[in-house]
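Enquirer: Just dropping this structure here.
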Amino acid sequence: MTNVAIIYYSSTGHVHKLAEEAASAAVKAGAEVRLRKVAELAPAAVVAAKQEWADHHEATRDVPEAALADLEWADVILFGTPTRFGLPAAQLKQFIDTAGGLWFQGKLVNKVVSSFTSTSTLHGGQESTLLALNNTFYHWGAIIVPPGYAHEVQFAPTNGNPYGTSHVSNNQVGTPGADNLAAIGHQTRRAVEIATALKAGLAAA
């Protein structure tokens, strides 16, 4: 069985919804799945000052927090993050920065990785955020599996990003639309398919 860790940060719920859809797609693809959020680093007063942020924080209080053991366990790692000035959120980056020990031991080599994001506006940093995450994966020796234009859903008007599923919220509270959910489903299935084939090939080598 292929192990999939979906590790994300979400402040108001858009990335969380994409992560849940990724988890569902991975289960349907026959994978063992861990859905994990990273720890919130923002001060409680800052979170409380924005009602949507506070509401989402409370609604997801029971989602387990990511641990390094989840990275070691996984064959596939999907990272989800909102964009912060064209970069991954500090909360996700802080978790990634703790993985130095696993990297040093070579335990992240050949992990299949892929990432997804959400921004407030169109062209608000989606591609630069995903490409910035890729810089980490190069150092790990991981295998980046993007969605590409490998499925018709990638040609939907609200998709089209071959780097990773990208949702545009327009500063509205709510969930990603059907096209975005279909896109993250495709991205997840593709990552699981490649990881399963890689795992079998390495075992037979």
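Every chain in the structure tokens has a letter given in the order shown (A, B, ...), and although residue numbers restart at 1 in each chain, ligands are simply numbered from 1 in the order shown.
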Apply DSSP to the structure's backbone, then extract all residues of range 23-147 of chain A labelled strand (DSSP E) and return them as a VMD selection string.
Expert: chain A and resid 32 to 37 76 to 84 87 to 88 112 to 119 143 to 144
Enquirer: Mind listing the helix (DSSP H, G or I) residues of range 98-179 of chain A, per DSSP on the backbone, as a PyMOL selection string?
Expert: chain A and resi 100-104+126-140+152-155+178-179
Enquirer: Go ahead and save the picked residues with N, CA and C atoms, as a JSON list (two decimals), in the first residue's frame.
Expert:
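Below is the file again_20.json, written as the result:
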[["chain", "number", "residue", "atom", "x", "y", "z"],
["A", 100, "GLY", "N", 15.53, 18.90, 8.90],
["A", 100, "GLY", "CA", 16.94, 18.78, 8.58],
["A", 100, "GLY", "C", 17.55, 17.44, 8.97],
["A", 101, "GLY", "N", 17.12, 16.89, 10.11],
["A", 101, "GLY", "CA", 17.65, 15.60, 10.54],
["A", 101, "GLY", "C", 17.29, 14.48, 9.58],
["A", 102, "LEU", "N", 16.05, 14.46, 9.11],
["A", 102, "LEU", "CA", 15.64, 13.45, 8.14],
["A", 102, "LEU", "C", 16.40, 13.62, 6.83],
["A", 103, "TRP", "N", 16.56, 14.88, 6.41],
["A", 103, "TRP", "CA", 17.33, 15.16, 5.18],
["A", 103, "TRP", "C", 18.76, 14.65, 5.32],
["A", 104, "PHE", "N", 19.39, 14.93, 6.46],
["A", 104, "PHE", "CA", 20.79, 14.55, 6.66],
["A", 104, "PHE", "C", 20.97, 13.03, 6.61],
["A", 126, "GLN", "N", 0.58, 32.43, -6.91],
["A", 126, "GLN", "CA", 0.42, 30.98, -6.90],
["A", 126, "GLN", "C", 1.67, 30.25, -7.39],
["A", 127, "GLU", "N", 2.12, 30.61, -8.57],
["A", 127, "GLU", "CA", 3.23, 29.89, -9.18],
["A", 127, "GLU", "C", 4.52, 30.08, -8.40],
["A", 128, "SER", "N", 4.79, 31.31, -7.93],
["A", 128, "SER", "CA", 6.03, 31.54, -7.19],
["A", 128, "SER", "C", 6.02, 30.79, -5.87],
["A", 129, "THR", "N", 4.86, 30.63, -5.26],
["A", 129, "THR", "CA", 4.77, 29.87, -4.01],
["A", 129, "THR", "C", 5.10, 28.40, -4.24],
["A", 130, "LEU", "N", 4.52, 27.83, -5.27],
["A", 130, "LEU", "CA", 4.76, 26.42, -5.56],
["A", 130, "LEU", "C", 6.20, 26.18, -5.99],
["A", 131, "LEU", "N", 6.74, 27.08, -6.79],
["A", 131, "LEU", "CA", 8.14, 26.94, -7.21],
["A", 131, "LEU", "C", 9.09, 27.11, -6.02],
["A", 132, "ALA", "N", 8.73, 27.96, -5.08],
["A", 132, "ALA", "CA", 9.56, 28.12, -3.88],
["A", 132, "ALA", "C", 9.58, 26.84, -3.06],
["A", 133, "LEU", "N", 8.45, 26.18, -2.96],
["A", 133, "LEU", "CA", 8.42, 24.89, -2.26],
["A", 133, "LEU", "C", 9.30, 23.87, -2.97],
["A", 134, "ASN", "N", 9.30, 23.91, -4.30],
["A", 134, "ASN", "CA", 10.12, 22.97, -5.06],
["A", 134, "ASN", "C", 11.60, 23.08, -4.71],
["A", 135, "ASN", "N", 12.07, 24.28, -4.34],
["A", 135, "ASN", "CA", 13.47, 24.44, -3.96],
["A", 135, "ASN", "C", 13.84, 23.51, -2.80],
["A", 136, "THR", "N", 12.92, 23.34, -1.88],
["A", 136, "THR", "CA", 13.14, 22.41, -0.77],
["A", 136, "THR", "C", 13.26, 20.98, -1.27],
["A", 137, "PHE", "N", 12.38, 20.62, -2.18],
["A", 137, "PHE", "CA", 12.33, 19.23, -2.65],
["A", 137, "PHE", "C", 13.59, 18.85, -3.43],
["A", 138, "TYR", "N", 14.16, 19.81, -4.13],
["A", 138, "TYR", "CA", 15.42, 19.53, -4.81],
["A", 138, "TYR", "C", 16.50, 19.13, -3.80],
["A", 139, "HIS", "N", 16.55, 19.86, -2.70],
["A", 139, "HIS", "CA", 17.54, 19.56, -1.67],
["A", 139, "HIS", "C", 17.30, 18.19, -1.04],
["A", 140, "TRP", "N", 16.05, 17.81, -0.92],
["A", 140, "TRP", "CA", 15.73, 16.51, -0.32],
["A", 140, "TRP", "C", 16.10, 15.34, -1.23],
["A", 152, "GLU", "N", -7.98, 16.57, -18.51],
["A", 152, "GLU", "CA", -8.82, 17.62, -19.09],
["A", 152, "GLU", "C", -9.23, 18.69, -18.08],
["A", 153, "VAL", "N", -9.28, 18.33, -16.80],
["A", 153, "VAL", "CA", -9.68, 19.31, -15.79],
["A", 153, "VAL", "C", -8.70, 20.47, -15.73],
["A", 154, "GLN", "N", -7.45, 20.24, -16.16],
["A", 154, "GLN", "CA", -6.46, 21.30, -16.14],
["A", 154, "GLN", "C", -6.75, 22.41, -17.13],
["A", 155, "PHE", "N", -7.66, 22.15, -18.05],
["A", 155, "PHE", "CA", -8.01, 23.16, -19.06],
["A", 155, "PHE", "C", -9.28, 23.92, -18.68],
["A", 178, "ALA", "N", -15.94, 23.43, -7.90],
["A", 178, "ALA", "CA", -15.87, 22.06, -8.42],
["A", 178, "ALA", "C", -14.62, 21.82, -9.26],
["A", 179, "ASP", "N", -14.24, 22.82, -10.07],
["A", 179, "ASP", "CA", -13.05, 22.65, -10.91],
["A", 179, "ASP", "C", -11.79, 22.50, -10.06]]
Enquirer: Please provide as a VMD selection string all residues within 10 Å of Thr81 in chain A, with the sequence filter that same-chain residues fewer than 4 positions apart are discarded (counting only C-alpha atoms).
Expert: chain A and resid 7 to 11 14 to 16 18 to 19 87 to 93 115 to 119 126 129 to 130 133 166
Enquirer: Using only C-alpha atoms, which protein or nucleic acid residues come within 8 Å of range 59-65 of chain A? Drop anything in the same chain fewer than 4 positions from it, and give the result as a PyMOL selection string.
Expert: chain A and resi 35-39+55
Enquirer: Given the selection you just returned, output its residues as a file containing C-alpha atoms, formatted as a compact mmCIF listing (two decimals), in the first residue's frame.
Expert:
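Final output, result-v3.txt:
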# COMPACT_ATOMS: atom_id res chain seq x y z
CA LEU A 35 -4.18 14.40 6.95
CA ARG A 36 -2.12 16.75 9.10
CA LYS A 37 -2.10 20.49 9.74
CA VAL A 38 1.01 22.34 10.88
CA ALA A 39 1.05 24.32 14.10
CA ASP A 55 -13.73 30.28 13.32
Enquirer: Choose the residue, out of A:Leu122, A:Ala5, A:Ala74, A:Ala142, that has the smallest atom-to-atom separation from Asn161 in chain A; count only C-alpha atoms.
Expert: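 The closest residue to Asn161 in chain A is A:Leu122.
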Enquirer: Which of these, A:Leu181, A:Ala69, A:Val47, A:Ala191, has the shortest distance to Ala31 in chain A once you count only C-alpha atoms?
Expert: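 Among the listed residues, the smallest separation from Ala31 in chain A belongs to A:Ala191.
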Enquirer: So, with only C-alpha atoms as the atoms that count, which of A:Glu52, A:Asp97, A:Glu58, A:Glu32 lies closest to Thr12 in chain A?
Expert: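 Result for the nearest residue to Thr12 in chain A: A:Glu52.
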Enquirer: Just the number, please: distance in Å from CA of Ile194 in chain A to CA of Ala25 in chain A, one decimal.
Expert: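 Going from CA of Ile194 in chain A over to CA of Ala25 in chain A, I get 14.5 Å.
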Enquirer: Using only C-alpha atoms, which residue out of A:Ala45, A:Ile77, A:Leu71, A:Ser120 lies closest to Gly106 in chain A?
Expert: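 Using only C-alpha atoms, the shortest distance to Gly106 in chain A belongs to A:Leu71.
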Enquirer: Which residue, A:Ala182, A:Val112, A:Ile144, A:Ala195, has the smallest gap to Thr158 in chain A when you use only C-alpha atoms?
Expert: A:Ala182
